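Pasted below: protein_7.tsv, TSV, C-alpha atoms and all ligand atoms.
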chain	number	residue	atom	x	y	z
A	1	MET	CA	-11.68	3.84	17.96
A	2	ILE	CA	-10.99	0.36	19.23
A	3	SER	CA	-8.19	0.75	21.75
A	4	GLN	CA	-5.05	-1.30	22.01
A	5	GLU	CA	-6.26	-2.41	25.46
A	6	GLU	CA	-9.45	-3.86	23.98
A	7	ILE	CA	-7.42	-5.81	21.46
A	8	ALA	CA	-5.01	-6.97	24.15
A	9	GLU	CA	-8.10	-8.17	26.02
A	10	LEU	CA	-9.20	-10.20	22.99
A	11	LEU	CA	-5.74	-11.74	22.85
A	12	THR	CA	-6.08	-13.13	26.37
A	13	GLU	CA	-8.77	-15.43	24.93
A	14	TYR	CA	-6.48	-16.53	22.11
A	15	ASP	CA	-4.57	-19.77	22.01
A	16	VAL	CA	-1.31	-18.37	20.65
A	17	LYS	CA	-0.05	-21.84	19.80
A	18	LYS	CA	-2.86	-22.16	17.28
A	19	LEU	CA	-2.87	-18.82	15.51
A	20	TYR	CA	-4.30	-18.30	12.07
A	21	ILE	CA	-2.98	-15.54	9.86
A	22	GLY	CA	-5.88	-14.25	7.84
A	23	THR	CA	-6.53	-11.78	5.08
A	24	ILE	CA	-8.88	-10.90	2.25
A	25	GLY	CA	-8.29	-13.01	-0.85
A	26	SER	CA	-6.75	-10.49	-3.26
A	27	HIS	CA	-3.84	-8.02	-3.57
A	28	SER	CA	-0.95	-9.67	-1.65
A	29	ALA	CA	-2.84	-12.57	-0.08
A	30	LEU	CA	-0.68	-15.28	-1.64
A	31	ASN	CA	2.44	-13.48	-0.42
A	32	ILE	CA	1.02	-13.30	3.12
A	33	PHE	CA	-0.19	-16.93	3.14
A	34	LYS	CA	3.05	-18.39	1.81
A	35	GLY	CA	5.06	-16.41	4.37
A	36	ALA	CA	2.76	-17.51	7.17
A	37	LYS	CA	3.04	-21.15	6.20
A	38	GLU	CA	6.82	-21.02	5.90
A	39	GLU	CA	6.92	-19.80	9.50
A	40	GLY	CA	4.54	-22.54	10.64
A	41	PHE	CA	1.21	-20.69	10.95
A	42	LYS	CA	-2.20	-21.71	9.70
A	43	THR	CA	-3.83	-19.42	7.17
A	44	LEU	CA	-7.31	-18.10	6.55
A	45	CYS	CA	-8.74	-16.48	3.44
A	46	ILE	CA	-11.85	-14.32	3.23
A	47	CYS	CA	-12.84	-15.02	-0.34
A	48	LYS	CA	-15.32	-14.19	-3.08
A	49	GLU	CA	-16.60	-16.88	-5.42
A	50	ARG	CA	-14.99	-15.34	-8.49
A	51	ASP	CA	-11.51	-15.39	-6.87
A	52	LEU	CA	-11.73	-18.87	-5.37
A	53	ILE	CA	-9.83	-20.37	-8.29
A	54	VAL	CA	-6.69	-18.56	-7.11
A	55	TYR	CA	-6.73	-20.26	-3.71
A	56	LYS	CA	-7.56	-23.61	-5.27
A	57	LYS	CA	-4.73	-23.48	-7.79
A	58	PHE	CA	-2.36	-22.13	-5.13
A	59	PRO	CA	-3.63	-24.04	-2.09
A	60	LEU	CA	-2.09	-21.90	0.62
A	61	ALA	CA	-5.22	-21.17	2.66
A	62	ASP	CA	-6.09	-23.72	5.35
A	63	GLU	CA	-9.45	-22.15	6.00
A	64	ILE	CA	-11.66	-20.24	3.58
A	65	ILE	CA	-14.59	-18.03	4.54
A	66	MET	CA	-16.77	-17.33	1.52
A	67	VAL	CA	-18.45	-13.93	1.31
A	68	GLU	CA	-20.47	-12.18	-1.33
A	69	ASP	CA	-19.12	-8.81	-0.35
A	70	PHE	CA	-16.00	-7.97	1.65
A	71	THR	CA	-18.04	-5.71	3.92
A	72	GLU	CA	-19.37	-8.96	5.46
A	73	LEU	CA	-16.04	-8.96	7.29
A	74	LEU	CA	-17.77	-6.62	9.72
A	75	ASP	CA	-20.69	-9.00	10.37
A	76	ASP	CA	-20.76	-10.32	13.91
A	77	HIS	CA	-20.73	-13.96	12.93
A	78	VAL	CA	-17.70	-13.48	10.67
A	79	GLN	CA	-15.82	-11.60	13.37
A	80	GLU	CA	-16.74	-14.29	15.87
A	81	LYS	CA	-15.49	-17.00	13.57
A	82	LEU	CA	-12.21	-15.15	13.07
A	83	ARG	CA	-11.73	-14.79	16.82
A	84	SER	CA	-12.69	-18.38	17.53
A	85	LEU	CA	-9.92	-19.47	15.15
A	86	ASN	CA	-7.39	-17.20	16.90
A	87	THR	CA	-6.99	-15.12	13.77
A	88	ILE	CA	-4.59	-12.24	13.33
A	89	ILE	CA	-5.63	-10.19	10.32
A	90	VAL	CA	-2.98	-8.78	8.01
A	91	PRO	CA	-4.50	-5.79	6.24
A	92	HIS	CA	-3.59	-4.95	2.65
A	93	GLY	CA	-4.80	-2.51	0.00
A	94	SER	CA	-8.16	-4.19	-0.48
A	95	PHE	CA	-9.16	-3.50	3.12
A	96	THR	CA	-9.30	0.26	2.68
A	97	ALA	CA	-10.58	-0.13	-0.88
A	98	TYR	CA	-13.68	-2.08	0.24
A	99	LEU	CA	-14.16	-0.89	3.84
A	100	SER	CA	-13.95	2.59	5.26
A	101	THR	CA	-11.16	3.44	7.66
A	102	GLU	CA	-13.84	4.33	10.21
A	103	GLN	CA	-15.33	0.85	9.95
A	104	LEU	CA	-11.89	-0.70	10.34
A	105	MET	CA	-10.94	1.50	13.26
A	106	ASN	CA	-14.28	1.36	15.10
A	107	ASP	CA	-16.18	-1.82	14.22
A	108	PHE	CA	-13.67	-4.55	13.59
A	109	TYR	CA	-12.97	-6.41	16.82
A	110	VAL	CA	-10.27	-8.73	15.54
A	111	PRO	CA	-6.54	-8.21	16.17
A	112	ILE	CA	-4.85	-6.56	13.19
A	113	PHE	CA	-1.12	-6.86	12.55
A	114	GLY	CA	-0.10	-3.22	12.20
A	115	ASN	CA	-1.07	0.10	13.64
A	116	ARG	CA	-4.78	0.84	13.15
A	117	ARG	CA	-4.33	4.49	14.01
A	118	LEU	CA	-2.05	5.12	11.04
A	119	LEU	CA	-4.78	3.96	8.63
A	120	HIS	CA	-6.37	7.30	9.16
A	121	TRP	CA	-3.14	9.15	8.36
A	122	GLU	CA	-2.43	7.20	5.25
A	123	THR	CA	-5.89	7.60	3.72
A	124	ASN	CA	-5.90	11.37	4.13
A	125	ARG	CA	-3.76	13.23	1.60
A	126	GLU	CA	-3.13	16.27	3.79
A	127	LEU	CA	-2.14	14.23	6.84
A	128	GLN	CA	0.09	12.08	4.68
A	129	ALA	CA	1.89	15.10	3.27
A	130	GLU	CA	2.37	16.48	6.78
A	131	TRP	CA	3.88	13.20	7.95
A	132	LEU	CA	6.25	12.92	4.98
A	133	LYS	CA	7.36	16.55	5.22
A	134	ARG	CA	8.07	16.20	8.91
A	135	ALA	CA	10.26	13.24	8.00
A	136	GLY	CA	12.29	15.55	5.78
A	137	LEU	CA	11.22	13.94	2.52
A	138	LYS	CA	11.00	15.92	-0.70
A	139	LEU	CA	7.41	16.17	-2.01
A	140	PRO	CA	6.09	17.39	-5.35
A	141	ARG	CA	4.53	20.86	-5.11
A	142	THR	CA	0.76	21.05	-4.79
A	143	PHE	CA	-1.54	23.64	-6.37
A	144	ASN	CA	-4.75	24.84	-4.72
A	145	LYS	CA	-6.71	25.62	-7.88
A	146	PRO	CA	-6.45	25.02	-11.63
A	147	GLU	CA	-5.77	28.73	-12.25
A	148	GLU	CA	-2.43	28.31	-10.46
A	149	ILE	CA	-1.08	25.68	-12.84
A	150	ASP	CA	2.24	26.96	-14.22
A	151	ARG	CA	4.05	23.71	-15.03
A	152	LEU	CA	3.19	20.12	-15.83
A	153	VAL	CA	0.81	18.80	-13.16
A	154	ILE	CA	-0.91	15.51	-12.46
A	155	ALA	CA	-4.50	15.88	-11.27
A	156	LYS	CA	-5.51	13.09	-8.88
A	157	LEU	CA	-8.81	11.89	-7.53
A	158	PRO	CA	-9.23	10.79	-3.92
A	159	GLY	CA	-8.85	7.23	-2.78
A	160	ALA	CA	-6.79	4.44	-4.21
A	161	ARG	CA	-8.17	4.25	-7.73
A	162	GLY	CA	-5.03	3.03	-9.39
A	163	GLY	CA	-4.58	6.32	-11.15
A	164	ARG	CA	-7.81	5.95	-13.12
A	165	GLY	CA	-9.14	9.27	-14.30
A	166	TYR	CA	-5.89	11.11	-13.61
A	167	ILE	CA	-5.08	13.99	-15.91
A	168	LEU	CA	-1.86	15.64	-17.01
A	169	ALA	CA	-1.99	19.33	-17.86
A	170	LYS	CA	0.49	22.16	-18.11
A	171	SER	CA	-1.77	25.24	-17.97
A	172	PRO	CA	-5.25	26.20	-16.72
A	173	ASP	CA	-6.48	25.96	-20.33
A	174	SER	CA	-5.10	22.54	-21.08
A	175	PHE	CA	-6.48	21.39	-17.72
A	176	LYS	CA	-10.01	22.44	-18.74
A	177	ARG	CA	-9.63	20.75	-22.11
A	178	ARG	CA	-8.41	17.52	-20.54
A	179	VAL	CA	-11.22	17.48	-18.00
A	180	GLU	CA	-13.82	17.67	-20.76
A	181	GLU	CA	-12.11	14.88	-22.66
A	182	MET	CA	-12.00	12.65	-19.61
A	183	ILE	CA	-15.65	13.33	-18.79
A	184	ASN	CA	-16.64	12.47	-22.36
A	185	ARG	CA	-14.70	9.23	-22.14
A	186	GLY	CA	-16.48	8.38	-18.89
A	187	LEU	CA	-13.24	8.30	-16.88
A	188	LEU	CA	-14.25	11.25	-14.74
A	189	SER	CA	-17.51	12.68	-13.41
A	190	ARG	CA	-18.31	16.33	-12.70
A	191	GLY	CA	-18.71	15.47	-9.03
A	192	ASP	CA	-15.08	14.32	-8.95
A	193	LEU	CA	-13.85	17.78	-9.89
A	194	GLU	CA	-14.22	19.30	-6.43
A	195	LYS	CA	-12.12	16.55	-4.92
A	196	ILE	CA	-9.31	16.77	-7.43
A	197	HIS	CA	-5.77	17.19	-6.15
A	198	LEU	CA	-3.26	19.06	-8.30
A	199	GLN	CA	0.33	17.98	-7.94
A	200	GLU	CA	3.51	18.88	-9.76
A	201	TYR	CA	4.37	16.13	-12.23
A	202	ILE	CA	7.91	14.93	-11.60
A	203	ILE	CA	9.70	13.74	-14.70
A	204	GLY	CA	11.69	10.70	-13.74
A	205	VAL	CA	11.29	7.02	-13.06
A	206	ASN	CA	9.06	5.35	-10.48
A	207	VAL	CA	10.78	3.68	-7.56
A	208	TYR	CA	8.74	2.02	-4.81
A	209	PRO	CA	10.87	0.87	-1.88
A	210	HIS	CA	9.33	-1.65	0.51
A	211	TYR	CA	10.32	-1.35	4.15
A	212	PHE	CA	9.60	-3.38	7.25
A	213	SER	CA	9.44	-1.68	10.61
A	214	SER	CA	10.25	-4.32	13.19
A	215	ILE	CA	9.04	-3.61	16.71
A	216	MET	CA	10.80	-6.72	17.98
A	217	ARG	CA	14.17	-5.83	16.51
A	218	GLU	CA	13.68	-2.05	16.72
A	219	ASP	CA	14.83	-1.54	13.17
A	220	VAL	CA	13.57	-0.44	9.78
A	221	GLU	CA	14.61	-2.92	7.08
A	222	LEU	CA	14.60	-2.39	3.33
A	223	LEU	CA	13.43	-5.67	1.83
A	224	SER	CA	12.62	-5.05	-1.83
A	225	VAL	CA	11.93	-2.43	-4.46
A	226	ASP	CA	9.57	-2.42	-7.43
A	227	LYS	CA	8.27	-0.27	-10.21
A	228	ARG	CA	4.84	-0.52	-11.73
A	229	TYR	CA	3.70	-1.70	-15.08
A	230	GLU	CA	0.83	0.62	-15.87
A	231	SER	CA	-1.64	0.72	-18.70
A	232	THR	CA	-1.68	2.90	-20.72
A	233	VAL	CA	1.25	5.03	-19.60
A	234	ASP	CA	3.79	2.24	-20.21
A	235	ALA	CA	2.37	1.64	-23.68
A	236	ILE	CA	2.68	5.19	-24.93
A	237	GLY	CA	6.40	4.97	-25.66
A	238	ARG	CA	5.64	2.22	-28.18
A	239	ILE	CA	3.56	4.53	-30.34
A	240	PRO	CA	5.31	7.22	-32.40
A	241	ALA	CA	4.59	10.81	-31.30
A	242	GLU	CA	2.75	11.70	-34.49
A	243	GLU	CA	0.23	8.90	-34.04
A	244	GLN	CA	-0.11	9.76	-30.37
A	245	ILE	CA	-1.20	13.26	-31.29
A	246	GLU	CA	-3.49	11.99	-34.02
A	247	VAL	CA	-5.26	9.56	-31.70
A	248	GLY	CA	-5.21	12.01	-28.80
A	249	ILE	CA	-3.84	9.55	-26.25
A	250	SER	CA	-3.66	10.67	-22.64
A	251	PRO	CA	-1.92	8.45	-20.13
A	252	THR	CA	-3.85	6.43	-17.58
A	253	TYR	CA	-2.25	4.45	-14.76
A	254	THR	CA	-4.17	1.22	-14.39
A	255	ILE	CA	-1.81	-1.13	-12.66
A	256	VAL	CA	-1.30	-4.42	-14.44
A	257	GLY	CA	1.73	-5.76	-12.63
A	258	ASN	CA	4.98	-4.94	-10.85
A	259	ILE	CA	8.61	-5.21	-11.88
A	260	PRO	CA	11.47	-5.75	-9.41
A	261	ILE	CA	14.20	-3.13	-9.23
A	262	THR	CA	17.74	-3.21	-7.95
A	263	LEU	CA	18.84	0.32	-7.13
A	264	ARG	CA	22.24	1.78	-7.88
A	265	GLU	CA	24.04	1.52	-4.58
A	266	SER	CA	24.66	5.25	-4.32
A	267	LEU	CA	20.91	5.75	-3.93
A	268	LEU	CA	20.72	3.41	-0.94
A	269	PRO	CA	21.89	5.84	1.76
A	270	GLU	CA	19.05	8.24	1.06
A	271	PHE	CA	16.39	5.55	0.66
A	272	LEU	CA	17.52	3.94	3.92
A	273	ARG	CA	17.47	7.24	5.79
A	274	MET	CA	14.02	8.03	4.38
A	275	GLY	CA	12.64	4.78	5.81
A	276	ASP	CA	14.15	5.48	9.23
A	277	ASN	CA	12.83	9.05	9.29
A	278	VAL	CA	9.31	8.09	8.26
A	279	GLN	CA	9.18	5.60	11.13
A	280	LYS	CA	10.66	8.14	13.56
A	281	VAL	CA	7.85	10.62	12.80
A	282	ALA	CA	5.29	7.80	12.94
A	283	THR	CA	6.33	7.01	16.51
A	284	GLU	CA	5.49	10.61	17.37
A	285	ILE	CA	2.11	10.80	15.62
A	286	ALA	CA	0.84	7.35	16.56
A	287	PRO	CA	3.05	5.36	18.95
A	288	PRO	CA	4.67	2.85	18.44
A	289	GLY	CA	4.67	4.05	14.84
A	290	ILE	CA	4.49	1.72	11.89
A	291	ILE	CA	4.25	-1.93	12.85
A	292	GLY	CA	5.46	-4.06	9.96
A	293	PRO	CA	5.48	-3.27	6.26
A	294	PHE	CA	5.26	0.13	4.65
A	295	CYS	CA	6.03	1.50	1.22
A	296	LEU	CA	6.92	4.84	-0.29
A	297	GLU	CA	5.94	5.83	-3.80
A	298	THR	CA	8.70	7.93	-5.30
A	299	VAL	CA	9.93	9.37	-8.56
A	300	VAL	CA	13.69	9.70	-9.08
A	301	THR	CA	14.83	12.43	-11.46
A	302	ASP	CA	17.88	12.49	-13.70
A	303	ASN	CA	19.87	14.38	-11.10
A	304	LEU	CA	18.95	11.65	-8.63
A	305	GLU	CA	16.56	13.70	-6.57
A	306	ILE	CA	13.97	11.52	-4.86
A	307	TYR	CA	10.42	12.90	-4.70
A	308	THR	CA	7.92	11.02	-2.55
A	309	PHE	CA	4.25	11.35	-3.45
A	310	GLU	CA	2.62	8.72	-1.29
A	311	ILE	CA	3.02	6.35	1.64
A	312	SER	CA	1.22	3.11	2.43
A	313	ALA	CA	1.56	2.04	6.05
A	314	ARG	CA	0.86	-1.60	5.23
A	315	ILE	CA	1.87	-4.28	2.77
A	316	VAL	CA	1.64	-3.14	-0.88
A	317	ALA	CA	1.07	-5.40	-3.87
A	318	GLY	CA	4.47	-4.41	-5.26
A	319	THR	CA	6.07	-6.54	-2.54
A	320	ASN	CA	4.85	-9.56	-4.51
A	321	VAL	CA	7.95	-9.11	-6.67
A	322	GLY	CA	9.94	-10.27	-3.66
A	323	ILE	CA	8.08	-13.56	-3.06
A	324	GLY	CA	10.87	-16.08	-2.71
A	325	THR	CA	13.54	-13.49	-2.25
A	326	SER	CA	14.80	-10.11	-3.44
A	327	PRO	CA	18.40	-8.87	-3.51
A	328	TYR	CA	17.89	-6.79	-0.35
A	329	ALA	CA	16.06	-9.50	1.58
A	330	TYR	CA	18.81	-11.88	0.53
A	331	LEU	CA	21.56	-9.51	1.70
A	332	LYS	CA	19.99	-9.29	5.13
A	333	PHE	CA	18.39	-12.67	5.72
A	334	GLY	CA	19.75	-15.06	3.12
A	335	GLU	CA	17.31	-16.97	0.99
A	336	LYS	CA	13.55	-17.11	1.12
A	337	MET	CA	12.73	-13.88	2.91
A	338	TYR	CA	10.04	-11.51	1.66
A	339	ILE	CA	7.42	-9.27	3.20
A	340	GLY	CA	4.77	-11.96	3.72
A	341	ARG	CA	7.24	-14.15	5.54
A	342	ARG	CA	8.77	-11.21	7.41
A	343	ILE	CA	5.33	-10.45	8.88
A	344	ALA	CA	5.01	-14.04	10.08
A	345	LEU	CA	8.54	-13.96	11.50
A	346	GLU	CA	7.72	-10.80	13.46
A	347	LEU	CA	4.59	-12.49	14.85
A	348	LYS	CA	6.62	-15.56	15.76
A	349	GLU	CA	9.20	-13.49	17.64
A	350	ALA	CA	6.44	-11.50	19.35
A	351	ILE	CA	4.86	-14.74	20.58
A	352	GLU	CA	8.24	-16.04	21.73
A	353	PHE	CA	8.88	-12.88	23.79
A	354	LYS	CA	5.24	-12.79	24.98
A	355	ARG	CA	4.83	-9.45	23.26
A	356	LEU	CA	2.07	-10.22	20.75
A	357	HIS	CA	0.07	-7.29	22.15
A	358	ASN	CA	2.84	-4.97	20.96
A	359	VAL	CA	2.45	-5.80	17.27
A	360	VAL	CA	-1.32	-6.04	16.91
A	361	THR	CA	-3.85	-3.27	17.42
A	401	LIG	N1	3.84	13.67	-8.82
A	401	LIG	C1	3.98	12.71	-9.73
A	401	LIG	N2	4.90	12.84	-10.69
A	401	LIG	C2	5.02	11.88	-11.66
A	401	LIG	N3	4.27	10.76	-11.71
A	401	LIG	C3	3.33	10.58	-10.79
A	401	LIG	C4	3.14	11.53	-9.74
A	401	LIG	N4	2.15	11.10	-8.96
A	401	LIG	C5	1.74	9.93	-9.48
A	401	LIG	N5	2.43	9.61	-10.58
A	401	LIG	C6	2.20	8.43	-11.44
A	401	LIG	O1	0.83	8.09	-11.40
A	401	LIG	C7	0.61	6.79	-10.90
A	401	LIG	C8	-0.63	6.74	-10.02
A	401	LIG	O2	-0.53	7.70	-8.99
A	401	LIG	P1	-0.95	7.43	-7.49
A	401	LIG	O3	-0.07	6.41	-6.90
A	401	LIG	O4	-1.08	8.73	-6.81
A	401	LIG	O5	-2.39	6.77	-7.70
A	401	LIG	P2	-3.24	5.99	-6.65
A	401	LIG	O6	-4.66	6.28	-6.95
A	401	LIG	O7	-2.70	6.26	-5.30
A	401	LIG	O8	-2.95	4.52	-7.02
A	401	LIG	P3	-2.44	3.38	-6.03
A	401	LIG	O9	-3.36	3.34	-4.89
A	401	LIG	O10	-2.49	2.18	-6.91
A	401	LIG	O11	-1.05	3.77	-5.63
A	401	LIG	C9	1.88	6.47	-10.16
A	401	LIG	O12	2.15	5.12	-10.07
A	401	LIG	C10	2.91	7.20	-11.01
A	401	LIG	O13	3.24	6.44	-12.16
A	402	MG	MG	-0.35	5.45	-5.23
Let me see the file written as structure tokens.
Ligand SMILES: Nc1ncnc2c1ncn2[C@@H]1O[C@H](COP(=O)(O)OP(=O)(O)OP(=O)(O)O)[C@@H](O)[C@H]1O
Ligand SMILES: [Mg+2]
Amino acid sequence: MISQEEIAELLTEYDVKKLYIGTIGSHSALNIFKGAKEEGFKTLCICKERDLIVYKKFPLADEIIMVEDFTELLDDHVQEKLRSLNTIIVPHGSFTAYLSTEQLMNDFYVPIFGNRRLLHWETNRELQAEWLKRAGLKLPRTFNKPEEIDRLVIAKLPGARGGRGYILAKSPDSFKRRVEEMINRGLLSRGDLEKIHLQEYIIGVNVYPHYFSSIMREDVELLSVDKRYESTVDAIGRIPAEEQIEVGISPTYTIVGNIPITLRESLLPEFLRMGDNVQKVATEIAPPGIIGPFCLETVVTDNLEIYTFEISARIVAGTNVGIGTSPYAYLKFGEKMYIGRRIALELKEAIEFKRLHNVVT
């Protein structure tokens, strides 16, 4: 893995007065670019032809590197270009979707805002669960094999696939039936079956809190909260039960957008403590822990129990609901604070205190 020393070495060549904040053009890129510009940085977009329209209509990228495939990010000449422009890369969901964690950890010699070593933890379901449990969070139960299913479960496939091909089942039999259906509909392949993860389905509402772990201010901030707008699961309630059965609908979770949430205040103590505890464990497993944004994916039940089923140790697309401001960002910072800008602010403070090497890896 590329060490923090090697990255610090790269930084000595950087002109910190002329930094570019760069990212792949998708996911939360507009959020990141706007924030960077509001804090006075230049911005750089690694872009595909088909997405270029976004960065033309919202002209927030000062520099655009066109690629045919995002894996070109690893090409020497692209990396060289990024370094020659003094670029700090802000990773988002598309990085691990298009590149492997190994490639990012071993072959990408450009400073990344965030902790590279946690990428590995967040992309591995077992490691993730270990981390969250150690932080004292409540997790849904997991089942080792379909025969063990004794309640409603959600069967998940590896990797961030936006819930595509996920299955709900409440017994070994209904699991088998569902699998066949999904295979017939082309949403699942037989090869996927070995990698399937069976998790207790928590009945409740989705709540995704967005935190920011500041190394400069030694604090974990809660900046915004969202829930997801997912097709088809959010459409099912609009169809009467009888027709649902007739058509044989099973929910899928293709994310279409995000909706901002303001939590009832009595839930804040626990959500705030959860953020602190996750960072505390992170400092133990990969010092200095999470650098910058992270997000928990939770379900809150009707007796207000919070179950966490996933963590992202980076910016998530749900933070886009906070572009401009969110109630929590407003409470702490006043107007115009959001994750993209918070990242840039952290970088600005790091430069000011000559501690840039502490927030990039
Ligand atoms: N244990 C659970 N109980 C209830 N609902 C769940 C559970 N796990 C997941 N879900 C629902 O399924 C959706 C997709 O699940 P999950 O987040 O695991 O998928 P993913 O592949 O990681 O997608 P992404 O990378 O977009 O987060 C969630 O947004 C949520 O609506
Ligand atoms: Mg998820």
May I have a table of the residues of chain A lying at most 12 Å from ligand MG 402 (chain A), giving each one's closest pair of atoms and their distance in Å to one decimal, counting all atoms listed in the file, ordered by chain and ascending residue number, as JSON lines?
{"residue": "A:Gly93", "atom": "CA", "partner": "A:MG402", "partner_atom": "MG", "distance": 10.5}
{"residue": "A:Glu122", "atom": "CA", "partner": "A:MG402", "partner_atom": "MG", "distance": 10.8}
{"residue": "A:Thr123", "atom": "CA", "partner": "A:MG402", "partner_atom": "MG", "distance": 10.7}
{"residue": "A:Arg125", "atom": "CA", "partner": "A:MG402", "partner_atom": "MG", "distance": 10.9}
{"residue": "A:Gln128", "atom": "CA", "partner": "A:MG402", "partner_atom": "MG", "distance": 11.9}
{"residue": "A:Lys156", "atom": "CA", "partner": "A:MG402", "partner_atom": "MG", "distance": 9.9}
{"residue": "A:Leu157", "atom": "CA", "partner": "A:MG402", "partner_atom": "MG", "distance": 10.9}
{"residue": "A:Pro158", "atom": "CA", "partner": "A:MG402", "partner_atom": "MG", "distance": 10.4}
{"residue": "A:Gly159", "atom": "CA", "partner": "A:MG402", "partner_atom": "MG", "distance": 9.0}
{"residue": "A:Ala160", "atom": "CA", "partner": "A:MG402", "partner_atom": "MG", "distance": 6.6}
{"residue": "A:Arg161", "atom": "CA", "partner": "A:MG402", "partner_atom": "MG", "distance": 8.3}
{"residue": "A:Gly162", "atom": "CA", "partner": "A:MG402", "partner_atom": "MG", "distance": 6.7}
{"residue": "A:Gly163", "atom": "CA", "partner": "A:MG402", "partner_atom": "MG", "distance": 7.3}
{"residue": "A:Arg164", "atom": "CA", "partner": "A:MG402", "partner_atom": "MG", "distance": 10.9}
{"residue": "A:Tyr166", "atom": "CA", "partner": "A:MG402", "partner_atom": "MG", "distance": 11.5}
{"residue": "A:Asn206", "atom": "CA", "partner": "A:MG402", "partner_atom": "MG", "distance": 10.8}
{"residue": "A:Val207", "atom": "CA", "partner": "A:MG402", "partner_atom": "MG", "distance": 11.5}
{"residue": "A:Tyr208", "atom": "CA", "partner": "A:MG402", "partner_atom": "MG", "distance": 9.7}
{"residue": "A:Lys227", "atom": "CA", "partner": "A:MG402", "partner_atom": "MG", "distance": 11.5}
{"residue": "A:Arg228", "atom": "CA", "partner": "A:MG402", "partner_atom": "MG", "distance": 10.2}
{"residue": "A:Glu230", "atom": "CA", "partner": "A:MG402", "partner_atom": "MG", "distance": 11.7}
{"residue": "A:Tyr253", "atom": "CA", "partner": "A:MG402", "partner_atom": "MG", "distance": 9.8}
{"residue": "A:Thr254", "atom": "CA", "partner": "A:MG402", "partner_atom": "MG", "distance": 10.8}
{"residue": "A:Ile255", "atom": "CA", "partner": "A:MG402", "partner_atom": "MG", "distance": 10.0}
{"residue": "A:Cys295", "atom": "CA", "partner": "A:MG402", "partner_atom": "MG", "distance": 9.9}
{"residue": "A:Leu296", "atom": "CA", "partner": "A:MG402", "partner_atom": "MG", "distance": 8.8}
{"residue": "A:Glu297", "atom": "CA", "partner": "A:MG402", "partner_atom": "MG", "distance": 6.5}
{"residue": "A:Thr298", "atom": "CA", "partner": "A:MG402", "partner_atom": "MG", "distance": 9.4}
{"residue": "A:Val299", "atom": "CA", "partner": "A:MG402", "partner_atom": "MG", "distance": 11.5}
{"residue": "A:Thr308", "atom": "CA", "partner": "A:MG402", "partner_atom": "MG", "distance": 10.3}
{"residue": "A:Phe309", "atom": "CA", "partner": "A:MG402", "partner_atom": "MG", "distance": 7.7}
{"residue": "A:Glu310", "atom": "CA", "partner": "A:MG402", "partner_atom": "MG", "distance": 5.9}
{"residue": "A:Ile311", "atom": "CA", "partner": "A:MG402", "partner_atom": "MG", "distance": 7.7}
{"residue": "A:Ser312", "atom": "CA", "partner": "A:MG402", "partner_atom": "MG", "distance": 8.2}
{"residue": "A:Ala313", "atom": "CA", "partner": "A:MG402", "partner_atom": "MG", "distance": 11.9}
{"residue": "A:Val316", "atom": "CA", "partner": "A:MG402", "partner_atom": "MG", "distance": 9.8}
{"residue": "A:Ala317", "atom": "CA", "partner": "A:MG402", "partner_atom": "MG", "distance": 11.0}
{"residue": "A:Gly318", "atom": "CA", "partner": "A:MG402", "partner_atom": "MG", "distance": 11.0}
Counting only C-alpha atoms, what is within 12 Å of A:Met182, bar same-chain residues fewer than 6 positions away, as a ChimeraX atom specification? /A:155,164-168,175-176,188-190,192-193,248-252
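Rounded to one decimal, atom CA of A:Arg264 and atom CA of A:Asp276 lie 19.3 Å from each other.
Closest to A:Asp69 among A:Ser84, A:Glu6, A:Glu49, A:Gly204 is A:Glu49, based on only C-alpha atoms.
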All residues 7 Å or closer to A:Ile315, all atoms listed in the file, same chain fewer than 2 positions away omitted, as a list in words: His92, Pro293, Phe294 and Ala317 of chain A
Only C-alpha atoms, please: the residues just picked out, written as an mmCIF file, keeping the file's coordinate frame.
data_model
loop_
_atom_site.group_PDB
_atom_site.id
_atom_site.type_symbol
_atom_site.label_atom_id
_atom_site.label_comp_id
_atom_site.auth_asym_id
_atom_site.auth_seq_id
_atom_site.Cartn_x
_atom_site.Cartn_y
_atom_site.Cartn_z
ATOM 1 C CA HIS A 92 -3.590 -4.950 2.650
ATOM 2 C CA PRO A 293 5.480 -3.270 6.260
ATOM 3 C CA PHE A 294 5.260 0.130 4.650
ATOM 4 C CA ALA A 317 1.070 -5.400 -3.870
#
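For the choices A:Ser174, A:Thr96, A:Thr325, A:Thr283, the atom-to-atom distance to ligand LIG 401 (chain A) is smallest for A:Thr96 when using all atoms listed in the file.
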